[in-house]
Amino acid sequence: MTDNTESGANAKSMTIIVTKGSLDWAYPPLILATTAAAMGVDVTLFFTFYGLEILKKKLDLQVTALGNAAMKMPMMGMHMAMPNIVNMLPGVDAGATTMMKNLIKSKGVASIEDLREAAIESDVKIIACQMTLDLFEYKATDLIDGIEIGGAATYMEKALKSDINLFI
Amino acid sequence: MADKTLDAKGLNCPLPILRAKKTLKEVPAGGTLEVLATDPGSVADFAAFCRTTGNELVESTSNAGVYRFVIKHVA
């Protein structure tokens, strides 16, 4: 029996460079990675710069409306946007983060923790950028287990052989 | 009657697909999995999932806001 749901020699492959570490931007790469893996795609994620936040043992991802003019939150049947002069005030990011997390829960959207777990479970290959670790003074032990540490060449070797390469 | 039923009601993208893929492993080849979902996006997604993975989408119906898919475990 052929099983194209497991990665094999003929499986399609995808890489994503994950550069953003805010709560909202953590979603696209993890949703695509887990779904692709479920569809039999061999997936590699390369976490660099702020993307490394997603690999921290203890996640503390935040969302900010500052400079994000398109961010509108549903509220009492309307959509609320706030001017930057308000968004820059202390506590506004924390409030927006709480609001977003409540929305995520109430709409049956997976948490980042759950998606990360699903990615690992479905054998998504995770590479953390060595240079970013050095730059921001993080240790490999700050990150979750079962990941690889590598650089641009490690990513490129995968990317050159992949059907899809994305940058998020 | 499907061999197994997955209740994915209330779950949003990509959870119905992820859970279905996981549950499909427990269904013997040739057997069927019934998935119940409330995510309207799951209609297009289950069709795409089945086309890509080679599993057969035997049924795709909806009733009172609940979408029902029957997937035959082929691949």
# chains A, B, ... in the order shown; residues from 1 in each chain; ligands from 1
>>> interface_residues(of="chain A", to="chain B", cutoff="6 Å", atoms="only C-alpha atoms", output="VMD selection string")
chain A and resid 3 38 to 39 108 to 109
>>> select_by_dssp(residues="chain B", states="helix (DSSP H, G or I)", output="PyMOL selection string")
chain B and resi 15-24+42-53
>>> closest_residue(among="A:Ile168, A:Phe47, A:Thr141, A:Met71", to="A:Tyr155", atoms="only C-alpha atoms")
A:Phe47
>>> residues_around(residues="A:Pro28", least_positions_apart="6", cutoff="12 Å", atoms="only C-alpha atoms", output="list in words")
Ile16, Ile17, Val18, Thr19, Lys20, Gly21, Ser22, Thr34, Thr35, Ala36, Leu45, Gly51, Ala110, Ile112, Leu115, Arg116, Leu166, Phe167 and Ile168 of chain A; Cys13 and Pro14 of chain B
>>> write_last_selection(atoms="N, CA and C atoms", output="PDB file, in the first residue's frame")
ATOM      1  N   ILE A  16       9.374  27.345   5.313  1.00  0.00           N
ATOM      2  CA  ILE A  16       8.911  28.694   5.653  1.00  0.00           C
ATOM      3  C   ILE A  16       9.962  29.343   6.542  1.00  0.00           C
ATOM      4  N   ILE A  17      10.341  30.562   6.192  1.00  0.00           N
ATOM      5  CA  ILE A  17      11.217  31.343   7.064  1.00  0.00           C
ATOM      6  C   ILE A  17      10.298  32.143   7.973  1.00  0.00           C
ATOM      7  N   VAL A  18      10.414  31.922   9.279  1.00  0.00           N
ATOM      8  CA  VAL A  18       9.520  32.557  10.247  1.00  0.00           C
ATOM      9  C   VAL A  18      10.268  33.688  10.934  1.00  0.00           C
ATOM     10  N   THR A  19       9.868  34.924  10.660  1.00  0.00           N
ATOM     11  CA  THR A  19      10.633  36.073  11.165  1.00  0.00           C
ATOM     12  C   THR A  19       9.897  36.906  12.209  1.00  0.00           C
ATOM     13  N   LYS A  20       8.601  36.623  12.397  1.00  0.00           N
ATOM     14  CA  LYS A  20       7.828  37.482  13.298  1.00  0.00           C
ATOM     15  C   LYS A  20       7.416  36.720  14.555  1.00  0.00           C
ATOM     16  N   GLY A  21       7.441  37.415  15.690  1.00  0.00           N
ATOM     17  CA  GLY A  21       7.160  36.737  16.950  1.00  0.00           C
ATOM     18  C   GLY A  21       5.996  37.331  17.721  1.00  0.00           C
ATOM     19  N   SER A  22       5.106  38.032  17.018  1.00  0.00           N
ATOM     20  CA  SER A  22       3.931  38.545  17.727  1.00  0.00           C
ATOM     21  C   SER A  22       2.825  37.493  17.657  1.00  0.00           C
ATOM     22  N   THR A  34       1.333  22.926   9.879  1.00  0.00           N
ATOM     23  CA  THR A  34       0.602  21.771  10.398  1.00  0.00           C
ATOM     24  C   THR A  34      -0.350  21.203   9.348  1.00  0.00           C
ATOM     25  N   THR A  35      -0.989  22.102   8.583  1.00  0.00           N
ATOM     26  CA  THR A  35      -1.917  21.636   7.554  1.00  0.00           C
ATOM     27  C   THR A  35      -1.169  20.922   6.439  1.00  0.00           C
ATOM     28  N   ALA A  36      -0.053  21.506   6.017  1.00  0.00           N
ATOM     29  CA  ALA A  36       0.749  20.873   4.965  1.00  0.00           C
ATOM     30  C   ALA A  36       1.214  19.493   5.417  1.00  0.00           C
ATOM     31  N   LEU A  45      10.622  24.467   9.023  1.00  0.00           N
ATOM     32  CA  LEU A  45      10.457  25.852   9.454  1.00  0.00           C
ATOM     33  C   LEU A  45      11.798  26.374   9.943  1.00  0.00           C
ATOM     34  N   GLY A  51      11.085  35.601  15.168  1.00  0.00           N
ATOM     35  CA  GLY A  51      10.415  34.314  15.055  1.00  0.00           C
ATOM     36  C   GLY A  51      10.847  33.345  16.145  1.00  0.00           C
ATOM     37  N   ALA A 110      -7.144  27.437  17.411  1.00  0.00           N
ATOM     38  CA  ALA A 110      -6.118  26.769  18.224  1.00  0.00           C
ATOM     39  C   ALA A 110      -5.194  27.787  18.863  1.00  0.00           C
ATOM     40  N   ILE A 112      -1.397  29.005  20.056  1.00  0.00           N
ATOM     41  CA  ILE A 112      -0.067  28.824  19.447  1.00  0.00           C
ATOM     42  C   ILE A 112       0.625  27.607  20.068  1.00  0.00           C
ATOM     43  N   LEU A 115      -0.748  24.539  18.320  1.00  0.00           N
ATOM     44  CA  LEU A 115      -0.270  24.403  16.943  1.00  0.00           C
ATOM     45  C   LEU A 115       1.205  23.990  16.922  1.00  0.00           C
ATOM     46  N   ARG A 116       1.974  24.545  17.841  1.00  0.00           N
ATOM     47  CA  ARG A 116       3.388  24.190  17.920  1.00  0.00           C
ATOM     48  C   ARG A 116       3.536  22.711  18.263  1.00  0.00           C
ATOM     49  N   LEU A 166       8.416  29.845   1.536  1.00  0.00           N
ATOM     50  CA  LEU A 166       7.713  31.064   1.930  1.00  0.00           C
ATOM     51  C   LEU A 166       8.518  31.848   2.965  1.00  0.00           C
ATOM     52  N   PHE A 167       8.259  33.131   2.991  1.00  0.00           N
ATOM     53  CA  PHE A 167       8.888  34.025   3.980  1.00  0.00           C
ATOM     54  C   PHE A 167       7.774  34.758   4.698  1.00  0.00           C
ATOM     55  N   ILE A 168       7.681  34.534   6.002  1.00  0.00           N
ATOM     56  CA  ILE A 168       6.605  35.190   6.753  1.00  0.00           C
ATOM     57  C   ILE A 168       7.191  36.001   7.896  1.00  0.00           C
TER      58      ILE A 168
ATOM     59  N   CYS B  13     -10.319  26.586  11.610  1.00  0.00           N
ATOM     60  CA  CYS B  13      -9.164  26.252  10.776  1.00  0.00           C
ATOM     61  C   CYS B  13      -7.864  26.415  11.544  1.00  0.00           C
ATOM     62  N   PRO B  14      -6.919  25.503  11.509  1.00  0.00           N
ATOM     63  CA  PRO B  14      -6.915  24.268  10.719  1.00  0.00           C
ATOM     64  C   PRO B  14      -7.294  23.032  11.538  1.00  0.00           C
TER      65      PRO B  14
END
>>> atom_distance(atom1="atom CA of A:Val92", atom2="atom CA of A:Pro74")
16.0 Å
>>> atom_distance(atom1="atom CA of B:Asn63", atom2="atom CA of B:Leu24")
23.1 Å
>>> atom_distance(atom1="atom CA of A:Ile126", atom2="atom CA of A:Ala11")
17.9 Å
>>> residues_around(residues="B:Phe46", least_positions_apart="6", cutoff="10 Å", atoms="only C-alpha atoms", output="PyMOL selection string")
chain B and resi 16-17+20+35+52+57+60+69-71
>>> closest_residue(among="A:Gly146, A:Pro29, A:Gly77, A:Pro83", to="A:Ala65", atoms="only C-alpha atoms")
A:Pro83
>>> select_by_dssp(residues="chain B", states="strand (DSSP E or B)", output="list in words")
Lys4, Thr5, Leu6, Asp7, Ala8, Thr32, Leu33, Glu34, Val35, Leu36, Ala37, Glu56, Leu57, Val58, Glu59, Ser60, Thr61, Ser62, Asn63, Val66, Tyr67, Arg68, Phe69, Val70, Ile71 and Lys72 of chain B
>>> write_last_selection(atoms="C-alpha atoms", output="compact mmCIF listing (two decimals), in the first residue's frame")
# COMPACT_ATOMS: atom_id res chain seq x y z
CA LYS B 4 -15.49 6.19 13.17
CA THR B 5 -16.92 9.63 13.92
CA LEU B 6 -14.97 12.80 14.70
CA ASP B 7 -16.84 15.66 16.31
CA ALA B 8 -15.00 18.82 15.21
CA THR B 32 -14.77 5.45 6.51
CA LEU B 33 -14.48 8.43 8.84
CA GLU B 34 -17.39 10.74 9.50
CA VAL B 35 -16.46 14.32 10.42
CA LEU B 36 -18.91 16.81 11.89
CA ALA B 37 -17.88 20.47 11.74
CA GLU B 56 -12.00 9.73 -1.08
CA LEU B 57 -14.61 12.29 -0.03
CA VAL B 58 -17.70 10.10 -0.19
CA GLU B 59 -20.15 12.64 1.20
CA SER B 60 -20.23 16.37 1.90
CA THR B 61 -23.54 17.64 3.22
CA SER B 62 -24.82 20.26 5.60
CA ASN B 63 -27.78 20.42 7.93
CA VAL B 66 -23.44 21.42 10.81
CA TYR B 67 -21.29 20.16 7.98
CA ARG B 68 -20.91 16.42 7.60
CA PHE B 69 -18.13 14.77 5.67
CA VAL B 70 -17.59 11.09 5.06
CA ILE B 71 -14.05 10.23 4.08
CA LYS B 72 -12.95 6.85 2.84
>>> decode(residues="stretch 9-63 of chain A", atoms="C-alpha atoms", output="PDB file, in the first residue's frame")
ATOM      1  CA  ALA A   9      10.877  10.088  -1.454  1.00  0.00           C
ATOM      2  CA  ASN A  10       8.021  11.364  -3.594  1.00  0.00           C
ATOM      3  CA  ALA A  11       6.493  13.695  -1.023  1.00  0.00           C
ATOM      4  CA  LYS A  12       6.190  17.378  -1.823  1.00  0.00           C
ATOM      5  CA  SER A  13       8.137  19.681   0.422  1.00  0.00           C
ATOM      6  CA  MET A  14       7.806  23.194   1.809  1.00  0.00           C
ATOM      7  CA  THR A  15       9.965  25.554   3.816  1.00  0.00           C
ATOM      8  CA  ILE A  16       8.911  28.694   5.653  1.00  0.00           C
ATOM      9  CA  ILE A  17      11.217  31.343   7.064  1.00  0.00           C
ATOM     10  CA  VAL A  18       9.520  32.557  10.247  1.00  0.00           C
ATOM     11  CA  THR A  19      10.633  36.073  11.165  1.00  0.00           C
ATOM     12  CA  LYS A  20       7.828  37.482  13.298  1.00  0.00           C
ATOM     13  CA  GLY A  21       7.160  36.737  16.950  1.00  0.00           C
ATOM     14  CA  SER A  22       3.931  38.545  17.727  1.00  0.00           C
ATOM     15  CA  LEU A  23       0.815  36.595  18.666  1.00  0.00           C
ATOM     16  CA  ASP A  24      -0.969  37.367  15.393  1.00  0.00           C
ATOM     17  CA  TRP A  25       2.001  36.725  13.108  1.00  0.00           C
ATOM     18  CA  ALA A  26       2.827  33.416  14.787  1.00  0.00           C
ATOM     19  CA  TYR A  27      -0.334  31.932  13.289  1.00  0.00           C
ATOM     20  CA  PRO A  28       0.230  31.856   9.500  1.00  0.00           C
ATOM     21  CA  PRO A  29       3.446  29.795   9.526  1.00  0.00           C
ATOM     22  CA  LEU A  30       2.153  27.321  12.126  1.00  0.00           C
ATOM     23  CA  ILE A  31      -1.240  26.892  10.451  1.00  0.00           C
ATOM     24  CA  LEU A  32       0.378  26.297   7.057  1.00  0.00           C
ATOM     25  CA  ALA A  33       3.038  23.985   8.489  1.00  0.00           C
ATOM     26  CA  THR A  34       0.602  21.771  10.398  1.00  0.00           C
ATOM     27  CA  THR A  35      -1.917  21.636   7.554  1.00  0.00           C
ATOM     28  CA  ALA A  36       0.749  20.873   4.965  1.00  0.00           C
ATOM     29  CA  ALA A  37       2.130  18.103   7.176  1.00  0.00           C
ATOM     30  CA  ALA A  38      -1.402  16.671   7.478  1.00  0.00           C
ATOM     31  CA  MET A  39      -1.566  16.682   3.671  1.00  0.00           C
ATOM     32  CA  GLY A  40       1.616  14.653   3.365  1.00  0.00           C
ATOM     33  CA  VAL A  41       4.023  17.535   2.774  1.00  0.00           C
ATOM     34  CA  ASP A  42       7.542  17.417   4.196  1.00  0.00           C
ATOM     35  CA  VAL A  43       7.805  20.736   6.100  1.00  0.00           C
ATOM     36  CA  THR A  44      10.803  22.680   7.391  1.00  0.00           C
ATOM     37  CA  LEU A  45      10.457  25.852   9.454  1.00  0.00           C
ATOM     38  CA  PHE A  46      13.435  28.174   9.868  1.00  0.00           C
ATOM     39  CA  PHE A  47      12.981  30.516  12.829  1.00  0.00           C
ATOM     40  CA  THR A  48      15.029  33.684  12.712  1.00  0.00           C
ATOM     41  CA  PHE A  49      15.040  37.061  14.459  1.00  0.00           C
ATOM     42  CA  TYR A  50      11.752  37.625  16.325  1.00  0.00           C
ATOM     43  CA  GLY A  51      10.415  34.314  15.055  1.00  0.00           C
ATOM     44  CA  LEU A  52      12.587  32.679  17.723  1.00  0.00           C
ATOM     45  CA  GLU A  53      10.059  33.853  20.332  1.00  0.00           C
ATOM     46  CA  ILE A  54       7.748  31.106  19.057  1.00  0.00           C
ATOM     47  CA  LEU A  55      10.312  28.479  20.084  1.00  0.00           C
ATOM     48  CA  LYS A  56      10.750  29.673  23.676  1.00  0.00           C
ATOM     49  CA  LYS A  57       9.950  27.035  26.287  1.00  0.00           C
ATOM     50  CA  LYS A  58       7.505  29.429  27.889  1.00  0.00           C
ATOM     51  CA  LEU A  59       5.539  31.370  25.326  1.00  0.00           C
ATOM     52  CA  ASP A  60       4.591  34.966  26.029  1.00  0.00           C
ATOM     53  CA  LEU A  61       3.510  36.306  22.657  1.00  0.00           C
ATOM     54  CA  GLN A  62       1.907  39.723  22.528  1.00  0.00           C
ATOM     55  CA  VAL A  63      -0.031  41.655  19.960  1.00  0.00           C
TER      56      VAL A  63
END
